[in-house]
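Okay, structure first, notes after.
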Amino acid sequence: MMKKQLITTFSLLSVLTFGQVGINTVTPNSKAGLHVSERINPASASPDKLNGLLVQRYTTSERDQINPGSTENGLTIYNKQTNCYNVWNWNTSLSTGAWAQFCGEKEGSVIFTDCNTIKVVGVYNIDEPVTNQNVHIDIPVRVTALGSYNYSTTVNGVNFVAQGTFTTIGQQTVSLYPYSVSGTPATGTYNATITSIGDSGVTCNVPVNFISRTTSVLKIVNITGTNYSTGLISGCGSYSSGNAAGKTGTWLTSPQAQAIAGVASIQIKCVSPTNIADLSDELKTASIVYLNGRTSAESNSGTIAVLNDWYKAGKGIVIDQGDELSETQFAQGLGFYIEAGATSTISITASVLPHVLVSPDGYTLPAVTPATIATQGANAAYVTSTNGVIFGASSDGKRRYLYADITNNPGIGNDRGAFIFGDKSGANTDTNTSDLWKNIFAWAIHNAPIH
C-alpha cells in the first residue's frame, strides 16, 4: 500500500532541481514555477480529467483580514461576493497597496417582454454577399445592469449576430446584422427564432424577407402636381413627353435603366399629394419617391408627415423639386429649407458627387453630366440645409439650387437619401437638363432598396 501511494505521489508531483513543480506531469514547463497539467502524457489526444484550479475563496471582509504588504505583491484569491479574482497590487513608490478585481466581462441584464416590438429593417438580397447587406433585426430592451450581450439566430441559411457591451442604463436597441452564411438562402419570408431575450428568457419568431433583386419590381411613387409639366408619365399630374421629367420617365422603361437597376422591371405609380391613405399604402413597397411641381393646395399635413416618416425610416430615396414657397412643404418636412430666388444659370459641381455624376460603382453613366443647366421659367429657389452637399449653385457659388443628402454604401440597393431641386427643372426641354436628370435617376434606381 505504501509503495502504491509513493508511486502515485511521484507520478503526480515532480520537483526538479531547477525548482519547477509539476502536478499530473513529470515534465513541467521550464518557464513555470508550478505547472498543473490536464494530462500526464502530453501526446495524449484527450485530457485525463475535466477539472480546473481552485484558489482560496473569501468574502470581501475575510479577504481584508489577510492584510498583505509589499512582500505579498501578486497574491491572488477569489472573491465569492463579487465573483471576481482579486490580486494584491503593491505600489513601491507610494509604499501602499490595494486589491484589484478581475472579473472578465459580466453579462448585462435587460428587461424584455413583447415580441411585437421587434422590427426587421430592410430585406435580405440573396444576389449580394453578406458583407453588402443592410437588413437588421432591432430588439428594443431596457438595460438594468451594465455588461456584455450576445444574441444570434440563423434563418434561411444566414447567421444574424449582435454582440457588444451595454455602457448605459435605460432604453436601448440591440441590432442583429447578417454575419455569415451557413447555407444557400432562397427567396421568401422566413421566421428568425431569437431565444433567451432578457432576464426572463423570452423567445420570439420574427419574419425576415429574402428577395432576389433580379426578379423583383422596383417601384417609383410619383407624387403628382399640376404646376408645370413635371410628371414622369402620363397620368401623373401635368405631363409632357418632351420635358426633362417626361424624357426621364420614358428612359426608366428602357432596357438600359432596367439593367442599371438590376431588377426585372421598373414601375411608376401616380399618387395624389393630398390622399393620405393612398400614399401610405404605396410607400410600403416604394423604393423611390419623386415629386412634381405643385400648387399651394397640392399637399396637406398628413401626406407630408407620411412621407417624412418613410424618409426618416431610411426606406428609400426622395427626389423633389420646387421653386416657389408654396411647393416647399414636403422638402421642409425632410429638413430642407427653401427661399424665393431668381433665374440663373446653375453650375453643376459633379466632383462633390463622384459616385453619382462621374464614375458610379457597378454601372456606366447613361449620359455625360453637364457643366451647367438653366433654371426653368421665371422663378428659382435657394435651398438651405445642415446636411448633405451642394452640387448646383449660381456661378459665384453664393446661391444654392441643387442639394443632395445621400448615403454611399457598398453593393447594390443599399442607399437612402434625398435630392432637392430648388427649381422645376423637370419642365426644361434642353438636353443638358435631361442628361443631369437621367444620371441622378440612374444612381437612384441602382442604389435604392427593394421592399
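Residue numbering restarts at 1 in every chain; chains get A, B, ... in the order shown in the C-alpha cells, and ligands count up from 1 in that same order.
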Discussion item. Can you tell me which residues surround range 103-110 of chain A at a distance of at most 9 Å, considering only C-alpha atoms, apart from same-chain residues fewer than 6 positions away, and format the answer as an MDAnalysis selection string?
Written reply: chainID A and resid 82:86 141:150 165:166 170 197:200
Worksheet entry | Spatial neighbours of Pro185 in chain A, max dist 12 Å, only C-alpha atoms, sep filter under 6 positions, as a ChimeraX atom specification | /A:124-130,154-159,208-212
Same residues, N, CA, C and O atoms, saved as a PDB file, in the first residue's frame:
```
ATOM      1  N   TYR A 124     -33.266  41.064 -47.121  1.00  0.00           N
ATOM      2  CA  TYR A 124     -32.002  40.424 -47.478  1.00  0.00           C
ATOM      3  C   TYR A 124     -32.018  40.119 -48.973  1.00  0.00           C
ATOM      4  O   TYR A 124     -32.891  39.406 -49.464  1.00  0.00           O
ATOM      5  N   ASN A 125     -31.055  40.659 -49.701  1.00  0.00           N
ATOM      6  CA  ASN A 125     -30.947  40.435 -51.146  1.00  0.00           C
ATOM      7  C   ASN A 125     -30.003  39.265 -51.393  1.00  0.00           C
ATOM      8  O   ASN A 125     -28.789  39.384 -51.202  1.00  0.00           O
ATOM      9  N   ILE A 126     -30.545  38.133 -51.820  1.00  0.00           N
ATOM     10  CA  ILE A 126     -29.729  36.923 -51.964  1.00  0.00           C
ATOM     11  C   ILE A 126     -28.737  37.016 -53.119  1.00  0.00           C
ATOM     12  O   ILE A 126     -27.841  36.180 -53.236  1.00  0.00           O
ATOM     13  N   ASP A 127     -28.869  38.046 -53.957  1.00  0.00           N
ATOM     14  CA  ASP A 127     -27.921  38.220 -55.056  1.00  0.00           C
ATOM     15  C   ASP A 127     -26.618  38.876 -54.603  1.00  0.00           C
ATOM     16  O   ASP A 127     -25.631  38.889 -55.340  1.00  0.00           O
ATOM     17  N   GLU A 128     -26.615  39.442 -53.393  1.00  0.00           N
ATOM     18  CA  GLU A 128     -25.461  40.179 -52.888  1.00  0.00           C
ATOM     19  C   GLU A 128     -24.770  39.392 -51.772  1.00  0.00           C
ATOM     20  O   GLU A 128     -25.414  38.631 -51.049  1.00  0.00           O
ATOM     21  N   PRO A 129     -23.451  39.566 -51.601  1.00  0.00           N
ATOM     22  CA  PRO A 129     -22.757  38.890 -50.491  1.00  0.00           C
ATOM     23  C   PRO A 129     -23.209  39.432 -49.147  1.00  0.00           C
ATOM     24  O   PRO A 129     -23.770  40.526 -49.054  1.00  0.00           O
ATOM     25  N   VAL A 130     -22.943  38.675 -48.107  1.00  0.00           N
ATOM     26  CA  VAL A 130     -23.416  39.046 -46.772  1.00  0.00           C
ATOM     27  C   VAL A 130     -22.818  40.377 -46.321  1.00  0.00           C
ATOM     28  O   VAL A 130     -23.440  41.124 -45.555  1.00  0.00           O
ATOM     29  N   THR A 154     -30.088  31.918 -36.748  1.00  0.00           N
ATOM     30  CA  THR A 154     -29.852  31.514 -38.138  1.00  0.00           C
ATOM     31  C   THR A 154     -31.191  31.350 -38.823  1.00  0.00           C
ATOM     32  O   THR A 154     -32.069  30.628 -38.339  1.00  0.00           O
ATOM     33  N   VAL A 155     -31.360  32.050 -39.939  1.00  0.00           N
ATOM     34  CA  VAL A 155     -32.614  31.991 -40.676  1.00  0.00           C
ATOM     35  C   VAL A 155     -32.288  31.880 -42.156  1.00  0.00           C
ATOM     36  O   VAL A 155     -31.499  32.648 -42.691  1.00  0.00           O
ATOM     37  N   ASN A 156     -32.874  30.884 -42.801  1.00  0.00           N
ATOM     38  CA  ASN A 156     -32.709  30.676 -44.245  1.00  0.00           C
ATOM     39  C   ASN A 156     -31.235  30.625 -44.635  1.00  0.00           C
ATOM     40  O   ASN A 156     -30.823  31.152 -45.665  1.00  0.00           O
ATOM     41  N   GLY A 157     -30.422  29.995 -43.792  1.00  0.00           N
ATOM     42  CA  GLY A 157     -29.006  29.831 -44.094  1.00  0.00           C
ATOM     43  C   GLY A 157     -28.138  31.037 -43.818  1.00  0.00           C
ATOM     44  O   GLY A 157     -26.953  31.051 -44.161  1.00  0.00           O
ATOM     45  N   VAL A 158     -28.701  32.077 -43.180  1.00  0.00           N
ATOM     46  CA  VAL A 158     -27.932  33.288 -42.880  1.00  0.00           C
ATOM     47  C   VAL A 158     -27.854  33.457 -41.368  1.00  0.00           C
ATOM     48  O   VAL A 158     -28.869  33.369 -40.664  1.00  0.00           O
ATOM     49  N   ASN A 159     -26.656  33.690 -40.860  1.00  0.00           N
ATOM     50  CA  ASN A 159     -26.438  33.871 -39.431  1.00  0.00           C
ATOM     51  C   ASN A 159     -26.471  35.360 -39.083  1.00  0.00           C
ATOM     52  O   ASN A 159     -25.663  36.144 -39.602  1.00  0.00           O
ATOM     53  N   VAL A 208     -38.402  37.494 -41.617  1.00  0.00           N
ATOM     54  CA  VAL A 208     -37.390  38.215 -42.388  1.00  0.00           C
ATOM     55  C   VAL A 208     -37.623  37.920 -43.870  1.00  0.00           C
ATOM     56  O   VAL A 208     -37.777  36.755 -44.259  1.00  0.00           O
ATOM     57  N   ASN A 209     -37.653  38.969 -44.685  1.00  0.00           N
ATOM     58  CA  ASN A 209     -37.895  38.805 -46.114  1.00  0.00           C
ATOM     59  C   ASN A 209     -36.576  38.646 -46.868  1.00  0.00           C
ATOM     60  O   ASN A 209     -35.635  39.418 -46.674  1.00  0.00           O
ATOM     61  N   PHE A 210     -36.536  37.650 -47.734  1.00  0.00           N
ATOM     62  CA  PHE A 210     -35.391  37.397 -48.606  1.00  0.00           C
ATOM     63  C   PHE A 210     -35.857  37.577 -50.046  1.00  0.00           C
ATOM     64  O   PHE A 210     -36.819  36.944 -50.475  1.00  0.00           O
ATOM     65  N   ILE A 211     -35.177  38.463 -50.765  1.00  0.00           N
ATOM     66  CA  ILE A 211     -35.577  38.736 -52.138  1.00  0.00           C
ATOM     67  C   ILE A 211     -34.390  38.529 -53.075  1.00  0.00           C
ATOM     68  O   ILE A 211     -33.236  38.534 -52.659  1.00  0.00           O
ATOM     69  N   SER A 212     -34.714  38.340 -54.339  1.00  0.00           N
ATOM     70  CA  SER A 212     -33.715  38.388 -55.393  1.00  0.00           C
ATOM     71  C   SER A 212     -34.005  39.647 -56.189  1.00  0.00           C
ATOM     72  O   SER A 212     -35.080  39.773 -56.791  1.00  0.00           O
TER      73      SER A 212
END
```
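Considering the residues A:Leu279, A:Ala244, A:Val21, A:Val217 and counting only C-alpha atoms, Ser265 in chain A has its shortest atom-to-atom contact with A:Val217.
Put simply, CA of Lys119 in chain A is 5.9 Å away from CA of Ile137 in chain A.
Taking CA of Thr386 in chain A as the reference point, CA of Val318 in chain A is found at 17.1 Å.
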Worksheet entry | Secondary structure check, strand (DSSP E or B) residues of range 234-391 of chain A, as a ChimeraX atom specification | /A:235,237,265-271,288-291,317-321,337-340,345-348,372-374,381-384,389-391
For the residues selected in the previous step, produce a file with C-alpha atoms as an mmCIF file, in the first residue's frame.
```cif
data_model
loop_
_atom_site.group_PDB
_atom_site.id
_atom_site.type_symbol
_atom_site.label_atom_id
_atom_site.label_comp_id
_atom_site.auth_asym_id
_atom_site.auth_seq_id
_atom_site.Cartn_x
_atom_site.Cartn_y
_atom_site.Cartn_z
ATOM 1 C CA GLY A 235 -51.468 60.408 -65.669
ATOM 2 C CA GLY A 237 -50.338 65.257 -62.922
ATOM 3 C CA SER A 265 -38.922 45.797 -64.198
ATOM 4 C CA ILE A 266 -39.442 49.376 -63.029
ATOM 5 C CA GLN A 267 -42.951 50.500 -62.097
ATOM 6 C CA ILE A 268 -44.105 54.121 -61.757
ATOM 7 C CA LYS A 269 -47.203 54.737 -59.623
ATOM 8 C CA CYS A 270 -49.031 58.068 -59.667
ATOM 9 C CA VAL A 271 -50.311 59.188 -56.246
ATOM 10 C CA ILE A 288 -38.073 55.954 -54.758
ATOM 11 C CA VAL A 289 -40.427 58.903 -54.294
ATOM 12 C CA TYR A 290 -40.471 61.625 -56.946
ATOM 13 C CA LEU A 291 -42.486 64.835 -56.547
ATOM 14 C CA ILE A 317 -34.676 57.863 -51.970
ATOM 15 C CA VAL A 318 -36.623 61.099 -52.464
ATOM 16 C CA ILE A 319 -36.284 63.387 -55.497
ATOM 17 C CA ASP A 320 -38.154 66.684 -55.044
ATOM 18 C CA GLN A 321 -38.367 69.908 -56.997
ATOM 19 C CA TYR A 337 -35.449 74.965 -46.326
ATOM 20 C CA ILE A 338 -36.244 76.967 -49.425
ATOM 21 C CA GLU A 339 -36.488 80.693 -50.040
ATOM 22 C CA ALA A 340 -37.563 82.606 -53.112
ATOM 23 C CA THR A 345 -27.501 79.544 -64.848
ATOM 24 C CA ILE A 346 -26.850 76.671 -62.473
ATOM 25 C CA SER A 347 -23.246 75.477 -62.346
ATOM 26 C CA ILE A 348 -23.005 71.730 -61.684
ATOM 27 C CA THR A 372 -24.397 73.865 -66.396
ATOM 28 C CA ILE A 373 -28.180 73.842 -66.717
ATOM 29 C CA ALA A 374 -30.598 76.733 -66.964
ATOM 30 C CA ALA A 381 -35.381 78.952 -55.291
ATOM 31 C CA TYR A 382 -32.449 78.719 -52.940
ATOM 32 C CA VAL A 383 -32.057 75.591 -50.829
ATOM 33 C CA THR A 384 -30.556 75.505 -47.332
ATOM 34 C CA VAL A 389 -23.766 68.699 -50.210
ATOM 35 C CA ILE A 390 -24.479 71.393 -52.787
ATOM 36 C CA PHE A 391 -23.957 70.156 -56.337
#
```
Item to complete: Name the residues of range 55-295 of chain A that fall into alpha helix (DSSP H) according to DSSP on the backbone, using the chain letters and numbers of this document, as a PyMOL selection string.
Response: chain A and resi 60-64+244-251+255-261+276-283
Response to the item:
Counting only C-alpha atoms, the residue among A:Val121, A:Lys31, A:Pro140, A:Glu298 that lies closest to Ala313 in chain A is A:Val121
Fill in: Neighbour list for Thr27 in chain A as a list in words, cut-off 9 Å, only C-alpha atoms, skip fewer than 4 positions in-chain
Ser14, Gly22, His35, Ile40 and Pro42 of chain A
For the residues in that selection, give me N, CA and C atoms as an mmCIF file, in the first residue's frame.
```cif
data_model
loop_
_atom_site.group_PDB
_atom_site.id
_atom_site.type_symbol
_atom_site.label_atom_id
_atom_site.label_comp_id
_atom_site.auth_asym_id
_atom_site.auth_seq_id
_atom_site.Cartn_x
_atom_site.Cartn_y
_atom_site.Cartn_z
ATOM 1 N N SER A 14 6.243 16.341 -9.420
ATOM 2 C CA SER A 14 7.672 16.228 -9.762
ATOM 3 C C SER A 14 8.358 17.513 -9.366
ATOM 4 N N GLY A 22 5.580 20.152 -10.927
ATOM 5 C CA GLY A 22 4.573 19.674 -11.855
ATOM 6 C C GLY A 22 3.545 18.841 -11.143
ATOM 7 N N HIS A 35 3.325 23.965 -12.653
ATOM 8 C CA HIS A 35 2.641 23.555 -13.881
ATOM 9 C C HIS A 35 1.619 22.481 -13.518
ATOM 10 N N ILE A 40 -1.260 13.474 -18.070
ATOM 11 C CA ILE A 40 0.085 13.015 -17.726
ATOM 12 C C ILE A 40 0.936 12.896 -18.981
ATOM 13 N N PRO A 42 1.729 14.192 -22.476
ATOM 14 C CA PRO A 42 1.476 15.365 -23.309
ATOM 15 C C PRO A 42 0.996 15.010 -24.709
#
```
With the cut-off set at 8 Å and counting only C-alpha atoms, tabulate each residue of range 76-110 of chain A with an atom at most that distance from an atom of range 47-60 of chain A, showing the nearest atom pair and its distance in Å to one decimal, ordered by chain and increasing number, as CSV.
```
residue,atom,partner,partner_atom,distance
A:Thr76,CA,A:Val55,CA,7.8
A:Ile77,CA,A:Gln56,CA,5.3
A:Tyr78,CA,A:Arg57,CA,4.7
A:Asn79,CA,A:Tyr58,CA,5.3
A:Lys80,CA,A:Thr59,CA,5.6
A:Gln81,CA,A:Thr59,CA,5.5
```
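Restricting the calculation to only C-alpha atoms, the smallest distance between Phe441 in chain A and any of A:Pro370, A:Gly293, A:Gly249, A:Pro28 is found for A:Gly249.
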Practice prompt. Determine, counting only C-alpha atoms, which protein, DNA and RNA residues have an atom within 7 Å of an atom of Asn292 in chain A; residues of the same chain fewer than 3 positions away are not included. Present the result as an NGL selection string.
Written response: :A and (223-225 or 230-231 or 321)
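The spacing separating CA of Ser180 in chain A from CA of Tyr311 in chain A amounts to 29.0 Å.
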